[in-house]
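> Just so it is clear, I am handing over input.txt, which has compact mmCIF, C-alpha atoms.
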# COMPACT_ATOMS: atom_id res chain seq x y z
CA MET A 1 -4.68 19.14 18.76
CA CYS A 2 -5.23 16.29 16.41
CA GLU A 3 -3.75 17.45 13.17
CA ALA A 4 -1.59 15.17 11.05
CA ASN A 5 1.49 15.42 8.90
CA ALA A 6 1.16 14.82 5.19
CA TYR A 7 3.75 12.74 3.38
CA PHE A 8 4.30 11.72 -0.20
CA VAL A 9 5.77 8.30 -0.81
CA LYS A 10 8.29 8.28 -3.62
CA ASN A 11 10.55 5.36 -4.42
CA GLY A 12 9.61 3.83 -1.11
CA ASN A 13 10.65 6.89 0.90
CA LEU A 14 8.33 9.15 2.84
CA GLU A 15 8.83 12.83 2.08
CA LEU A 16 7.15 15.28 4.43
CA ILE A 17 5.12 17.71 2.39
CA MET A 18 3.15 19.55 5.07
CA GLU A 19 2.97 19.57 8.85
CA SER A 20 -0.04 20.08 11.10
CA VAL A 21 -2.73 19.52 8.51
CA ASP A 22 -6.25 20.13 9.77
CA GLN A 23 -8.49 19.96 6.71
CA LEU A 24 -8.26 17.90 3.53
CA THR A 25 -10.68 18.25 0.68
CA PRO A 26 -10.53 16.43 -2.63
CA GLN A 27 -10.62 18.59 -5.73
CA ASP A 28 -11.21 17.58 -9.28
CA ASP A 29 -8.30 16.15 -11.27
CA ASN A 30 -6.72 14.05 -8.50
CA THR A 31 -5.70 16.97 -6.34
CA TRP A 32 -6.26 17.51 -2.62
CA HIS A 33 -6.53 20.86 -0.91
CA LEU A 34 -4.77 20.83 2.45
CA VAL A 35 -5.25 23.49 5.12
CA GLY A 36 -2.99 23.62 8.14
CA ILE A 37 -3.88 24.60 11.68
CA PHE A 38 -2.42 28.05 11.08
CA GLY A 39 -4.38 28.59 7.88
CA ASP A 40 -1.53 27.73 5.54
CA GLN A 41 -2.63 25.93 2.40
CA LYS A 42 -1.24 23.57 -0.16
CA TYR A 43 -2.51 21.64 -3.15
CA VAL A 44 -1.22 18.11 -3.51
CA ARG A 45 -1.55 16.13 -6.71
CA GLY A 46 -1.90 12.46 -5.91
CA GLN A 47 -4.12 9.94 -4.22
CA ILE A 48 -4.22 8.83 -0.63
CA GLN A 49 -2.28 5.65 -0.01
CA GLY A 50 -3.38 5.44 3.61
CA MET A 51 -3.87 7.30 6.88
CA GLN A 52 -2.73 6.43 10.37
CA LEU A 53 -4.32 9.07 12.50
CA VAL A 54 -3.01 7.95 15.87
CA GLU A 55 0.46 8.30 14.36
CA HIS A 56 -0.55 11.61 12.75
CA LYS A 57 0.26 10.36 9.28
CA ILE A 58 -1.48 10.91 5.98
CA ILE A 59 0.37 9.37 3.07
CA PHE A 60 -0.11 10.36 -0.54
CA GLU A 61 1.16 8.53 -3.60
CA GLU A 62 1.19 9.07 -7.33
CA VAL A 63 -2.13 8.52 -9.01
CA ALA A 64 -2.35 5.04 -10.44
CA ASP A 65 -2.56 4.85 -14.20
CA ALA A 66 -6.04 4.56 -15.57
CA PRO A 67 -6.89 1.05 -16.76
CA ALA A 68 -5.97 0.51 -20.38
CA MET B 69 -5.30 9.97 21.02
CA CYS B 70 -5.97 11.50 17.66
CA GLU B 71 -8.45 9.23 16.08
CA ALA B 72 -11.47 10.58 14.21
CA ASN B 73 -15.10 9.72 13.76
CA ALA B 74 -16.31 8.66 10.34
CA TYR B 75 -19.57 10.01 8.98
CA PHE B 76 -21.55 9.46 5.83
CA VAL B 77 -23.44 12.41 4.45
CA LYS B 78 -26.84 11.48 3.11
CA ASN B 79 -29.48 13.97 2.10
CA GLY B 80 -27.48 16.67 3.81
CA ASN B 81 -27.40 14.86 7.15
CA LEU B 82 -24.31 13.43 8.79
CA GLU B 83 -24.72 9.84 9.91
CA LEU B 84 -22.06 8.47 12.23
CA ILE B 85 -20.75 5.22 10.79
CA MET B 86 -17.74 4.52 13.01
CA GLU B 87 -16.12 6.08 16.04
CA SER B 88 -12.44 6.31 16.93
CA VAL B 89 -11.02 5.47 13.54
CA ASP B 90 -7.24 5.13 13.47
CA GLN B 91 -6.39 3.80 10.02
CA LEU B 92 -8.02 4.34 6.65
CA THR B 93 -6.87 2.60 3.51
CA PRO B 94 -8.45 2.86 0.07
CA GLN B 95 -9.38 -0.42 -1.60
CA ASP B 96 -10.29 -1.08 -5.16
CA ASP B 97 -13.86 -0.37 -6.24
CA ASN B 98 -14.42 2.85 -4.25
CA THR B 99 -14.27 1.22 -0.86
CA TRP B 100 -12.28 2.27 2.18
CA HIS B 101 -11.06 -0.06 4.92
CA LEU B 102 -11.37 1.54 8.34
CA VAL B 103 -9.66 0.23 11.46
CA GLY B 104 -10.55 1.60 14.87
CA ILE B 105 -8.27 2.13 17.82
CA PHE B 106 -9.54 -1.10 19.36
CA GLY B 107 -8.94 -3.11 16.20
CA ASP B 108 -12.53 -3.06 15.03
CA GLN B 109 -12.90 -2.88 11.27
CA LYS B 110 -15.38 -1.71 8.73
CA TYR B 111 -15.54 -1.34 4.95
CA VAL B 112 -17.19 1.80 3.68
CA ARG B 113 -18.29 2.21 0.09
CA GLY B 114 -18.00 5.82 -0.94
CA GLN B 115 -15.54 8.61 -1.47
CA ILE B 116 -14.14 11.13 0.96
CA GLN B 117 -15.98 14.44 0.86
CA GLY B 118 -13.60 16.04 3.31
CA MET B 119 -11.71 15.71 6.59
CA GLN B 120 -11.49 18.06 9.53
CA LEU B 121 -8.94 16.44 11.77
CA VAL B 122 -8.95 19.00 14.56
CA GLU B 123 -12.68 18.37 14.82
CA HIS B 124 -12.09 14.61 14.51
CA LYS B 125 -14.29 14.32 11.46
CA ILE B 126 -13.94 12.28 8.31
CA ILE B 127 -16.89 12.61 5.99
CA PHE B 128 -17.76 10.15 3.25
CA GLU B 129 -20.27 10.61 0.48
CA GLU B 130 -21.68 8.54 -2.33
CA VAL B 131 -19.34 8.03 -5.23
CA ALA B 132 -19.97 10.54 -7.98
CA ASP B 133 -21.21 9.10 -11.23
CA ALA B 134 -18.53 8.45 -13.78
CA PRO B 135 -18.54 10.94 -16.63
CA ALA B 136 -20.77 9.83 -19.50
Any chance you could put this one into structure tokens?

Amino acid sequence: MCEANAYFVKNGNLELIMESVDQLTPQDDNTWHLVGIFGDQKYVRGQIQGMQLVEHKIIFEEVADAPA
Amino acid sequence: MCEANAYFVKNGNLELIMESVDQLTPQDDNTWHLVGIFGDQKYVRGQIQGMQLVEHKIIFEEVADAPA
């Protein structure tokens, strides 16, 4: 199985927000819909900072401020 | 290994743009930097339509027009 764990980076620390994520779909308003391998779901507000799939990591961060 | 293949959806068809992607990092200007498991790299202009990690799929699409 090639699912990944989703983290949110806050103050430089990685907080695990969901394990074994299979599907990720962007929604409107800077939110992602995550579905786990067991069908569990979560909505995450943020943007993707980066993914390292071999390490099973998907890292979210706060949405950057819109340009002034 | 849990890499994924990157596709671009165009006219409803999936075109394979890169195999065995390990790392994905968003850049400025709606571009993603992809790094493969062998260190190969590619820049993809577009936005993520969705990911199905268990199926090893990451699907890009054209960037939606900015609101008028």
> Report the closest atom pair, with its distance in Å rounded to one decimal, for each residue of chain A that has an atom no farther than 10 Å from chain B; count all atoms listed in the file, sort by chain and then rising residue number, and write it as CSV.

residue,atom,partner,partner_atom,distance
A:Met1,CA,B:Val122,CA,6.0
A:Cys2,CA,B:Val122,CA,5.0
A:Glu3,CA,B:Leu121,CA,5.5
A:Ala4,CA,B:Leu121,CA,7.5
A:Ser20,CA,B:Val122,CA,9.6
A:Val21,CA,B:Leu121,CA,7.7
A:Asp22,CA,B:Leu121,CA,5.0
A:Gln23,CA,B:Gln120,CA,4.5
A:Leu24,CA,B:Met119,CA,5.1
A:Thr25,CA,B:Gly118,CA,4.5
A:Pro26,CA,B:Gly118,CA,6.7
A:Gln27,CA,B:Gln117,CA,9.5
A:Trp32,CA,B:Gly118,CA,9.5
A:His33,CA,B:Gly118,CA,9.5
A:Leu34,CA,B:Met119,CA,9.6
A:Val35,CA,B:Gln120,CA,9.4
A:Gly36,CA,B:Val122,CA,9.9
A:Ile37,CA,B:Val122,CA,8.1
A:Gln47,CA,B:Pro94,CA,9.3
A:Ile48,CA,B:Pro94,CA,7.4
A:Gln49,CA,B:Thr93,CA,6.5
A:Gly50,CA,B:Thr93,CA,4.5
A:Met51,CA,B:Leu92,CA,5.1
A:Gln52,CA,B:Gln91,CA,4.5
A:Leu53,CA,B:Asp90,CA,5.0
A:Val54,CA,B:Cys70,CA,5.0
A:Glu55,CA,B:Cys70,CA,7.9
A:His56,CA,B:Cys70,CA,7.3
A:Lys57,CA,B:Gln91,CA,9.4
A:Ile58,CA,B:Leu92,CA,9.3
A:Ile59,CA,B:Thr93,CA,9.9
> With C-alpha atoms retained, export the selected residues as a PDB file, keeping the file's coordinate frame.

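Everything below was put into result_25.pdb:
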ATOM      1  CA  MET A   1      -4.680  19.140  18.760  1.00  0.00           C
ATOM      2  CA  CYS A   2      -5.230  16.290  16.410  1.00  0.00           C
ATOM      3  CA  GLU A   3      -3.750  17.450  13.170  1.00  0.00           C
ATOM      4  CA  ALA A   4      -1.590  15.170  11.050  1.00  0.00           C
ATOM      5  CA  SER A  20      -0.040  20.080  11.100  1.00  0.00           C
ATOM      6  CA  VAL A  21      -2.730  19.520   8.510  1.00  0.00           C
ATOM      7  CA  ASP A  22      -6.250  20.130   9.770  1.00  0.00           C
ATOM      8  CA  GLN A  23      -8.490  19.960   6.710  1.00  0.00           C
ATOM      9  CA  LEU A  24      -8.260  17.900   3.530  1.00  0.00           C
ATOM     10  CA  THR A  25     -10.680  18.250   0.680  1.00  0.00           C
ATOM     11  CA  PRO A  26     -10.530  16.430  -2.630  1.00  0.00           C
ATOM     12  CA  GLN A  27     -10.620  18.590  -5.730  1.00  0.00           C
ATOM     13  CA  TRP A  32      -6.260  17.510  -2.620  1.00  0.00           C
ATOM     14  CA  HIS A  33      -6.530  20.860  -0.910  1.00  0.00           C
ATOM     15  CA  LEU A  34      -4.770  20.830   2.450  1.00  0.00           C
ATOM     16  CA  VAL A  35      -5.250  23.490   5.120  1.00  0.00           C
ATOM     17  CA  GLY A  36      -2.990  23.620   8.140  1.00  0.00           C
ATOM     18  CA  ILE A  37      -3.880  24.600  11.680  1.00  0.00           C
ATOM     19  CA  GLN A  47      -4.120   9.940  -4.220  1.00  0.00           C
ATOM     20  CA  ILE A  48      -4.220   8.830  -0.630  1.00  0.00           C
ATOM     21  CA  GLN A  49      -2.280   5.650  -0.010  1.00  0.00           C
ATOM     22  CA  GLY A  50      -3.380   5.440   3.610  1.00  0.00           C
ATOM     23  CA  MET A  51      -3.870   7.300   6.880  1.00  0.00           C
ATOM     24  CA  GLN A  52      -2.730   6.430  10.370  1.00  0.00           C
ATOM     25  CA  LEU A  53      -4.320   9.070  12.500  1.00  0.00           C
ATOM     26  CA  VAL A  54      -3.010   7.950  15.870  1.00  0.00           C
ATOM     27  CA  GLU A  55       0.460   8.300  14.360  1.00  0.00           C
ATOM     28  CA  HIS A  56      -0.550  11.610  12.750  1.00  0.00           C
ATOM     29  CA  LYS A  57       0.260  10.360   9.280  1.00  0.00           C
ATOM     30  CA  ILE A  58      -1.480  10.910   5.980  1.00  0.00           C
ATOM     31  CA  ILE A  59       0.370   9.370   3.070  1.00  0.00           C
TER      32      ILE A  59
END
> Return as lines of an AutoDock Vina configuration file the centre and edge lengths, in Å with one decimal, of the box along x, y and z that encloses every atom of segment 12-25 of chain A in the file, padded by 4 Å per side.

center_x = 0.0
center_y = 12.0
center_z = 5.0
size_x = 29.3
size_y = 24.3
size_z = 20.2
> As an exercise, work out the distance from atom CA of Asn98 of chain B to atom CA of Val77 of chain B in Å and give it to one decimal place.
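Computing it gives 15.8 Å between the two atoms.
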> What is the atom CA of Phe38 of chain A-atom CA of Ala74 of chain B distance in Å, reported with one decimal?
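Between atom CA of Phe38 of chain A and atom CA of Ala74 of chain B the gap works out to 23.9 Å.
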> Using Å and a single decimal, report how far atom CA of Met18 of chain A sits from atom CA of Glu62 of chain A.
16.4 Å
